[in-house]
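A.B. asks: Sending over a structure as structure tokens; questions will come in a sec.
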Amino acid sequence: MWNLDRILDSARNDAPWAAAARAEGKAGEAMGATHWGALSPRVTAIGGLTRTNDPALLFSQRLWQGRFTADDFAIDALNQPGPRTALEYGLLLEQPIWNGGAEFTAPKAASRARREARAQAEAAVAETLLDAVRRYVAYVAARAGADADSLAMAAAEASHAASVERHRRGQLADLDTLRTFAHASEARERWLAGVRDRDVARRRLSDVVGVTLGDAEIATPPPADAESFLRDDAEASEPNELRAARARGERLSLEAARAAMRLLPSLNGRLAVTYYRDPDADGVERRWFAGLSVDWPLWDGTVRIQERRAAAARAEAARANAEALRRDLAARREAARRDVELAGPRRDAARAARRASEEALRLALARFRAGLLSLDALLQVDADAARARERHIEREAGVLLAGYTYLHATGRLK
């Protein structure tokens, strides 16, 4: 049987929405880890193979190789050299030292980006779970509604049968008999629509678990205890949406600081070791280079200044959005708590009203058959019973939905 716990487990582990959220989270964490690259040296393998008779290129290669002889400076050798082959290979090491503070802020930037991505993924998974609860509750309510519509149809057909019997005895006019027939037809139409709603709700629930479910496979939940959702408030945590918003604000604040530090010069180290080989000569020549480079653009049309202002404004907006979200989530949490507190009493009242209305309908039908009650009064009692059934079904489902909505609002739906 598929109860709610099993459905949530399936949604958590197998639903494509949850899988997509986790994949997005992994992608975000991987992108966050790229900030560490600002600290890492860059190691590059270099190499090349040439054959040419270009005087300038050959002169440069001989210079790199350090293989000049007196014959190389002859006019004919300089102007009309023969084709030669040259091979070079080596390693290039570049060490970033200071580039707008990217190296200094790399650990914090990576941490903030990972926290943001992780919180966003967890928020998306929690939303998927809440959607699964909604679909399950919608199906249970639709199934109960179809059953209630079946009972209403049976009651309407019984009313019509009683009216036909009274009409045969001359106790009821033709018009009233036709009215009961129309009422029975309307009840059948509502039942058919209810069956359609039940089948659609079952299909939407099947989409979550990835298995085609039958009505008999889906368990009806026991009456929910609203108070049970309020007992573990001590385990409530900060909602994932708020954690993601705060991490985003911190990340953008860090980017604003880095934008300001980009106004300073950049400093980088470079070390290269290169090996040159001339196939026409013996041995390999090694050359190395080490140095520091400073780059300080003095004027770029205020581009970096405007980038710093834009980054600061984005950080300020992110912090303001996080505060607005905190207030909104606090209001939602309070509303969800109030819904849970009221869901139980409302369900109990609706349950009692349904029992009373169905008993009233039974008595009204008996009096109608005995000719002691008018048709208008019977139809009114029947309409009251239908409304009471609908309210009870809605309130019964509302307890479960309100409880899980509160768990979601308190960060406990994971």
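By convention in this document, the chains of the structure tokens carry letters A, B, ... by their order, each chain's residues are numbered from 1, and ligands are numbered from 1 in the order they are shown.
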Between segment 28-141 of chain A and segment 252-262 of chain A, at 12 Å or less, what are the per-residue closest atom pairs and their distances in Å? Count only C-alpha atoms, order by chain and rising residue number, and return it as JSON lines.
C.D. replies:
```
{"residue": "A:His35", "atom": "CA", "partner": "A:Glu255", "partner_atom": "CA", "distance": 11.4}
{"residue": "A:Trp98", "atom": "CA", "partner": "A:Arg262", "partner_atom": "CA", "distance": 9.4}
{"residue": "A:Asn99", "atom": "CA", "partner": "A:Arg262", "partner_atom": "CA", "distance": 6.8}
{"residue": "A:Gly100", "atom": "CA", "partner": "A:Arg262", "partner_atom": "CA", "distance": 3.8}
{"residue": "A:Gly101", "atom": "CA", "partner": "A:Arg258", "partner_atom": "CA", "distance": 5.7}
{"residue": "A:Ala102", "atom": "CA", "partner": "A:Arg258", "partner_atom": "CA", "distance": 6.6}
{"residue": "A:Glu103", "atom": "CA", "partner": "A:Arg258", "partner_atom": "CA", "distance": 9.9}
{"residue": "A:Phe104", "atom": "CA", "partner": "A:Arg258", "partner_atom": "CA", "distance": 9.4}
{"residue": "A:Thr105", "atom": "CA", "partner": "A:Leu254", "partner_atom": "CA", "distance": 7.6}
{"residue": "A:Ala106", "atom": "CA", "partner": "A:Leu254", "partner_atom": "CA", "distance": 9.8}
{"residue": "A:Pro107", "atom": "CA", "partner": "A:Leu254", "partner_atom": "CA", "distance": 11.0}
{"residue": "A:Lys108", "atom": "CA", "partner": "A:Leu254", "partner_atom": "CA", "distance": 8.0}
{"residue": "A:Ala109", "atom": "CA", "partner": "A:Leu254", "partner_atom": "CA", "distance": 6.9}
{"residue": "A:Ala110", "atom": "CA", "partner": "A:Leu254", "partner_atom": "CA", "distance": 10.7}
{"residue": "A:Ser111", "atom": "CA", "partner": "A:Leu254", "partner_atom": "CA", "distance": 11.2}
{"residue": "A:Arg112", "atom": "CA", "partner": "A:Leu254", "partner_atom": "CA", "distance": 9.1}
{"residue": "A:Ala113", "atom": "CA", "partner": "A:Leu252", "partner_atom": "CA", "distance": 9.7}
{"residue": "A:Glu116", "atom": "CA", "partner": "A:Leu252", "partner_atom": "CA", "distance": 11.2}
```
A.B. asks: So which residues touch Leu91 of chain A within 10 Å, counting only C-alpha atoms, skipping near sequence neighbours fewer than 4 positions away, as a list of chain:residue names?
C.D. replies: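 The filter keeps A:Val43, A:Thr44, A:Ala45, A:Ile46, A:Gly47, A:Leu271, A:Ala272, A:Val273, A:Thr274, A:Tyr275, A:Trp288.
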A.B. asks: Could you name the residues that touch Trp2 of chain A at 12 Å or less, counting only C-alpha atoms, but leaving out those on the same chain fewer than 4 positions away, as a ChimeraX atom specification?
C.D. replies: /A:6-10,136,140,202,205-206,209,211-221
A.B. asks: Excluding Ala19 of chain A and any residue of its chain fewer than 5 positions from it, enumerate the residues within 10 Å of it, using only C-alpha atoms, and give them as a list of chain:residue names.
C.D. replies: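 Returned residues: A:Ala11, A:Arg12, A:Asn13, A:Asp14, A:Glu24, A:Gly25, A:Ala121, A:Ala124, A:Val125.
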A.B. asks: Could you give me, as a list in words, each residue of segment 155-320 of chain A that DSSP assigns to strand (DSSP E) when run on this structure's backbone?
C.D. replies: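 Output for segment 155-320 of chain A, strand (DSSP E) only: Ser266, Leu267, Asn268, Gly269, Arg270, Leu271, Ala272, Val273, Thr274, Tyr275, Tyr276, Arg277, Val284, Glu285, Arg286, Arg287, Trp288, Phe289, Ala290, Gly291, Leu292, Ser293, Val294 and Asp295 of chain A.
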A.B. asks: Which polymer residues have any atom within 12 Å of an atom of segment 193-196 of chain A, counting only C-alpha atoms, with same-chain residues fewer than 6 positions away left out, as a PDB file with all heavy atoms, in the first residue's frame?
C.D. replies:
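What follows is the written file part.pdb:
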```pdb
ATOM      1  N   TYR A 139      -5.815  13.791  -3.971  1.00  0.00           N
ATOM      2  CA  TYR A 139      -6.397  12.526  -4.402  1.00  0.00           C
ATOM      3  C   TYR A 139      -7.329  11.964  -3.339  1.00  0.00           C
ATOM      4  O   TYR A 139      -8.448  11.517  -3.648  1.00  0.00           O
ATOM      5  CB  TYR A 139      -5.316  11.494  -4.717  1.00  0.00           C
ATOM      6  CG  TYR A 139      -5.906  10.116  -4.859  1.00  0.00           C
ATOM      7  CD1 TYR A 139      -6.613   9.764  -6.010  1.00  0.00           C
ATOM      8  CD2 TYR A 139      -5.829   9.195  -3.817  1.00  0.00           C
ATOM      9  CE1 TYR A 139      -7.206   8.523  -6.127  1.00  0.00           C
ATOM     10  CE2 TYR A 139      -6.415   7.951  -3.937  1.00  0.00           C
ATOM     11  CZ  TYR A 139      -7.110   7.615  -5.087  1.00  0.00           C
ATOM     12  OH  TYR A 139      -7.711   6.393  -5.196  1.00  0.00           O
ATOM     13  N   VAL A 140      -6.876  11.966  -2.096  1.00  0.00           N
ATOM     14  CA  VAL A 140      -7.720  11.424  -1.020  1.00  0.00           C
ATOM     15  C   VAL A 140      -9.037  12.194  -0.945  1.00  0.00           C
ATOM     16  O   VAL A 140     -10.115  11.613  -0.791  1.00  0.00           O
ATOM     17  CB  VAL A 140      -6.962  11.479   0.321  1.00  0.00           C
ATOM     18  CG1 VAL A 140      -7.894  11.141   1.473  1.00  0.00           C
ATOM     19  CG2 VAL A 140      -5.783  10.514   0.300  1.00  0.00           C
ATOM     20  N   ALA A 141      -8.967  13.524  -1.067  1.00  0.00           N
ATOM     21  CA  ALA A 141     -10.180  14.334  -1.030  1.00  0.00           C
ATOM     22  C   ALA A 141     -11.064  14.042  -2.239  1.00  0.00           C
ATOM     23  O   ALA A 141     -12.297  13.966  -2.115  1.00  0.00           O
ATOM     24  CB  ALA A 141      -9.819  15.812  -0.968  1.00  0.00           C
ATOM     25  N   ALA A 142     -10.448  13.879  -3.422  1.00  0.00           N
ATOM     26  CA  ALA A 142     -11.232  13.593  -4.618  1.00  0.00           C
ATOM     27  C   ALA A 142     -11.901  12.228  -4.526  1.00  0.00           C
ATOM     28  O   ALA A 142     -13.055  12.057  -4.947  1.00  0.00           O
ATOM     29  CB  ALA A 142     -10.343  13.665  -5.856  1.00  0.00           C
ATOM     30  N   ARG A 143     -11.169  11.249  -3.964  1.00  0.00           N
ATOM     31  CA  ARG A 143     -11.772   9.923  -3.808  1.00  0.00           C
ATOM     32  C   ARG A 143     -12.928   9.958  -2.818  1.00  0.00           C
ATOM     33  O   ARG A 143     -13.990   9.381  -3.052  1.00  0.00           O
ATOM     34  CB  ARG A 143     -10.719   8.920  -3.364  1.00  0.00           C
ATOM     35  CG  ARG A 143     -11.246   7.496  -3.258  1.00  0.00           C
ATOM     36  CD  ARG A 143     -10.124   6.496  -3.069  1.00  0.00           C
ATOM     37  NE  ARG A 143      -9.412   6.687  -1.813  1.00  0.00           N
ATOM     38  CZ  ARG A 143      -8.370   5.949  -1.439  1.00  0.00           C
ATOM     39  NH1 ARG A 143      -7.912   4.994  -2.260  1.00  0.00           N
ATOM     40  NH2 ARG A 143      -7.763   6.152  -0.301  1.00  0.00           N
ATOM     41  N   ALA A 144     -12.725  10.666  -1.707  1.00  0.00           N
ATOM     42  CA  ALA A 144     -13.810  10.799  -0.743  1.00  0.00           C
ATOM     43  C   ALA A 144     -14.977  11.573  -1.345  1.00  0.00           C
ATOM     44  O   ALA A 144     -16.153  11.263  -1.083  1.00  0.00           O
ATOM     45  CB  ALA A 144     -13.305  11.506   0.508  1.00  0.00           C
ATOM     46  N   GLY A 145     -14.659  12.573  -2.177  1.00  0.00           N
ATOM     47  CA  GLY A 145     -15.726  13.324  -2.831  1.00  0.00           C
ATOM     48  C   GLY A 145     -16.515  12.466  -3.790  1.00  0.00           C
ATOM     49  O   GLY A 145     -17.749  12.582  -3.872  1.00  0.00           O
ATOM     50  N   ALA A 146     -15.819  11.603  -4.549  1.00  0.00           N
ATOM     51  CA  ALA A 146     -16.523  10.707  -5.463  1.00  0.00           C
ATOM     52  C   ALA A 146     -17.417   9.740  -4.686  1.00  0.00           C
ATOM     53  O   ALA A 146     -18.554   9.451  -5.111  1.00  0.00           O
ATOM     54  CB  ALA A 146     -15.517   9.941  -6.315  1.00  0.00           C
ATOM     55  N   ASP A 147     -16.915   9.228  -3.554  1.00  0.00           N
ATOM     56  CA  ASP A 147     -17.746   8.347  -2.725  1.00  0.00           C
ATOM     57  C   ASP A 147     -18.963   9.087  -2.179  1.00  0.00           C
ATOM     58  O   ASP A 147     -20.081   8.540  -2.149  1.00  0.00           O
ATOM     59  CB  ASP A 147     -16.914   7.780  -1.573  1.00  0.00           C
ATOM     60  CG  ASP A 147     -15.819   6.844  -2.055  1.00  0.00           C
ATOM     61  OD1 ASP A 147     -15.911   6.362  -3.206  1.00  0.00           O
ATOM     62  OD2 ASP A 147     -14.856   6.611  -1.297  1.00  0.00           O
ATOM     63  N   ALA A 148     -18.741  10.343  -1.749  1.00  0.00           N
ATOM     64  CA  ALA A 148     -19.870  11.126  -1.231  1.00  0.00           C
ATOM     65  C   ALA A 148     -20.875  11.425  -2.340  1.00  0.00           C
ATOM     66  O   ALA A 148     -22.092  11.387  -2.116  1.00  0.00           O
ATOM     67  CB  ALA A 148     -19.356  12.434  -0.621  1.00  0.00           C
ATOM     68  N   ASP A 149     -20.360  11.717  -3.545  1.00  0.00           N
ATOM     69  CA  ASP A 149     -21.271  11.961  -4.662  1.00  0.00           C
ATOM     70  C   ASP A 149     -22.060  10.704  -5.013  1.00  0.00           C
ATOM     71  O   ASP A 149     -23.219  10.786  -5.449  1.00  0.00           O
ATOM     72  CB  ASP A 149     -20.481  12.422  -5.885  1.00  0.00           C
ATOM     73  CG  ASP A 149     -19.907  13.822  -5.704  1.00  0.00           C
ATOM     74  OD1 ASP A 149     -20.450  14.579  -4.882  1.00  0.00           O
ATOM     75  OD2 ASP A 149     -18.905  14.144  -6.381  1.00  0.00           O
ATOM     76  N   SER A 150     -21.428   9.539  -4.826  1.00  0.00           N
ATOM     77  CA  SER A 150     -22.148   8.283  -5.063  1.00  0.00           C
ATOM     78  C   SER A 150     -23.307   8.123  -4.065  1.00  0.00           C
ATOM     79  O   SER A 150     -24.415   7.710  -4.445  1.00  0.00           O
ATOM     80  CB  SER A 150     -21.183   7.107  -4.960  1.00  0.00           C
ATOM     81  OG  SER A 150     -21.860   5.882  -5.127  1.00  0.00           O
ATOM     82  N   LEU A 151     -23.032   8.478  -2.799  1.00  0.00           N
ATOM     83  CA  LEU A 151     -24.101   8.418  -1.794  1.00  0.00           C
ATOM     84  C   LEU A 151     -25.204   9.431  -2.115  1.00  0.00           C
ATOM     85  O   LEU A 151     -26.400   9.127  -1.966  1.00  0.00           O
ATOM     86  CB  LEU A 151     -23.521   8.702  -0.409  1.00  0.00           C
ATOM     87  CG  LEU A 151     -22.530   7.673   0.138  1.00  0.00           C
ATOM     88  CD1 LEU A 151     -21.957   8.147   1.472  1.00  0.00           C
ATOM     89  CD2 LEU A 151     -23.214   6.313   0.310  1.00  0.00           C
ATOM     90  N   ALA A 152     -24.807  10.614  -2.546  1.00  0.00           N
ATOM     91  CA  ALA A 152     -25.792  11.641  -2.891  1.00  0.00           C
ATOM     92  C   ALA A 152     -26.634  11.192  -4.077  1.00  0.00           C
ATOM     93  O   ALA A 152     -27.852  11.442  -4.123  1.00  0.00           O
ATOM     94  CB  ALA A 152     -25.083  12.951  -3.200  1.00  0.00           C
ATOM     95  N   MET A 153     -25.999  10.540  -5.044  1.00  0.00           N
ATOM     96  CA  MET A 153     -26.741  10.045  -6.197  1.00  0.00           C
ATOM     97  C   MET A 153     -27.740   8.970  -5.774  1.00  0.00           C
ATOM     98  O   MET A 153     -28.897   8.950  -6.236  1.00  0.00           O
ATOM     99  CB  MET A 153     -25.776   9.490  -7.235  1.00  0.00           C
ATOM    100  CG  MET A 153     -26.447   8.979  -8.500  1.00  0.00           C
ATOM    101  SD  MET A 153     -25.259   8.353  -9.724  1.00  0.00           S
ATOM    102  CE  MET A 153     -24.566   6.946  -8.836  1.00  0.00           C
ATOM    103  N   GLU A 186     -28.935  15.398 -12.023  1.00  0.00           N
ATOM    104  CA  GLU A 186     -27.859  16.298 -11.598  1.00  0.00           C
ATOM    105  C   GLU A 186     -26.904  15.605 -10.640  1.00  0.00           C
ATOM    106  O   GLU A 186     -25.681  15.817 -10.692  1.00  0.00           O
ATOM    107  CB  GLU A 186     -28.463  17.532 -10.943  1.00  0.00           C
ATOM    108  CG  GLU A 186     -29.215  18.442 -11.908  1.00  0.00           C
ATOM    109  CD  GLU A 186     -29.940  19.550 -11.180  1.00  0.00           C
ATOM    110  OE1 GLU A 186     -29.894  19.561  -9.923  1.00  0.00           O
ATOM    111  OE2 GLU A 186     -30.557  20.401 -11.846  1.00  0.00           O
ATOM    112  N   ALA A 187     -27.471  14.771  -9.747  1.00  0.00           N
ATOM    113  CA  ALA A 187     -26.620  14.036  -8.810  1.00  0.00           C
ATOM    114  C   ALA A 187     -25.711  13.062  -9.552  1.00  0.00           C
ATOM    115  O   ALA A 187     -24.536  12.913  -9.206  1.00  0.00           O
ATOM    116  CB  ALA A 187     -27.477  13.295  -7.794  1.00  0.00           C
ATOM    117  N   ARG A 202      -5.434  10.931  -9.179  1.00  0.00           N
ATOM    118  CA  ARG A 202      -4.616   9.713  -9.054  1.00  0.00           C
ATOM    119  C   ARG A 202      -3.480   9.720 -10.061  1.00  0.00           C
ATOM    120  O   ARG A 202      -2.359   9.314  -9.750  1.00  0.00           O
ATOM    121  CB  ARG A 202      -5.499   8.481  -9.261  1.00  0.00           C
ATOM    122  CG  ARG A 202      -4.744   7.161  -9.035  1.00  0.00           C
ATOM    123  CD  ARG A 202      -5.606   5.948  -9.264  1.00  0.00           C
ATOM    124  NE  ARG A 202      -6.028   5.839 -10.633  1.00  0.00           N
ATOM    125  CZ  ARG A 202      -7.276   5.915 -11.057  1.00  0.00           C
ATOM    126  NH1 ARG A 202      -8.257   6.125 -10.194  1.00  0.00           N
ATOM    127  NH2 ARG A 202      -7.571   5.801 -12.342  1.00  0.00           N
ATOM    128  N   ARG A 203      -3.756  10.198 -11.277  1.00  0.00           N
ATOM    129  CA  ARG A 203      -2.697  10.277 -12.289  1.00  0.00           C
ATOM    130  C   ARG A 203      -1.618  11.263 -11.851  1.00  0.00           C
ATOM    131  O   ARG A 203      -0.409  10.990 -12.011  1.00  0.00           O
ATOM    132  CB  ARG A 203      -3.299  10.713 -13.624  1.00  0.00           C
ATOM    133  CG  ARG A 203      -2.264  11.052 -14.699  1.00  0.00           C
ATOM    134  CD  ARG A 203      -1.312   9.873 -14.928  1.00  0.00           C
ATOM    135  NE  ARG A 203      -0.188  10.263 -15.767  1.00  0.00           N
ATOM    136  CZ  ARG A 203      -0.194  10.206 -17.096  1.00  0.00           C
ATOM    137  NH1 ARG A 203      -1.271   9.780 -17.732  1.00  0.00           N
ATOM    138  NH2 ARG A 203       0.867  10.555 -17.780  1.00  0.00           N
ATOM    139  N   ASP A 215      -6.689   2.700  -7.380  1.00  0.00           N
ATOM    140  CA  ASP A 215      -7.381   3.213  -6.195  1.00  0.00           C
ATOM    141  C   ASP A 215      -7.145   2.328  -4.978  1.00  0.00           C
ATOM    142  O   ASP A 215      -6.985   2.830  -3.859  1.00  0.00           O
ATOM    143  CB  ASP A 215      -8.887   3.338  -6.471  1.00  0.00           C
ATOM    144  CG  ASP A 215      -9.186   4.440  -7.481  1.00  0.00           C
ATOM    145  OD1 ASP A 215      -8.499   5.474  -7.433  1.00  0.00           O
ATOM    146  OD2 ASP A 215     -10.089   4.267  -8.310  1.00  0.00           O
ATOM    147  N   GLU A 390     -19.292  17.954   1.634  1.00  0.00           N
ATOM    148  CA  GLU A 390     -18.167  18.635   1.002  1.00  0.00           C
ATOM    149  C   GLU A 390     -17.288  19.341   2.037  1.00  0.00           C
ATOM    150  O   GLU A 390     -16.055  19.286   1.957  1.00  0.00           O
ATOM    151  CB  GLU A 390     -18.699  19.655  -0.011  1.00  0.00           C
ATOM    152  CG  GLU A 390     -19.343  19.015  -1.236  1.00  0.00           C
ATOM    153  CD  GLU A 390     -19.970  20.053  -2.153  1.00  0.00           C
ATOM    154  OE1 GLU A 390     -19.900  21.255  -1.810  1.00  0.00           O
ATOM    155  OE2 GLU A 390     -20.525  19.661  -3.193  1.00  0.00           O
TER     156      GLU A 390
END
```
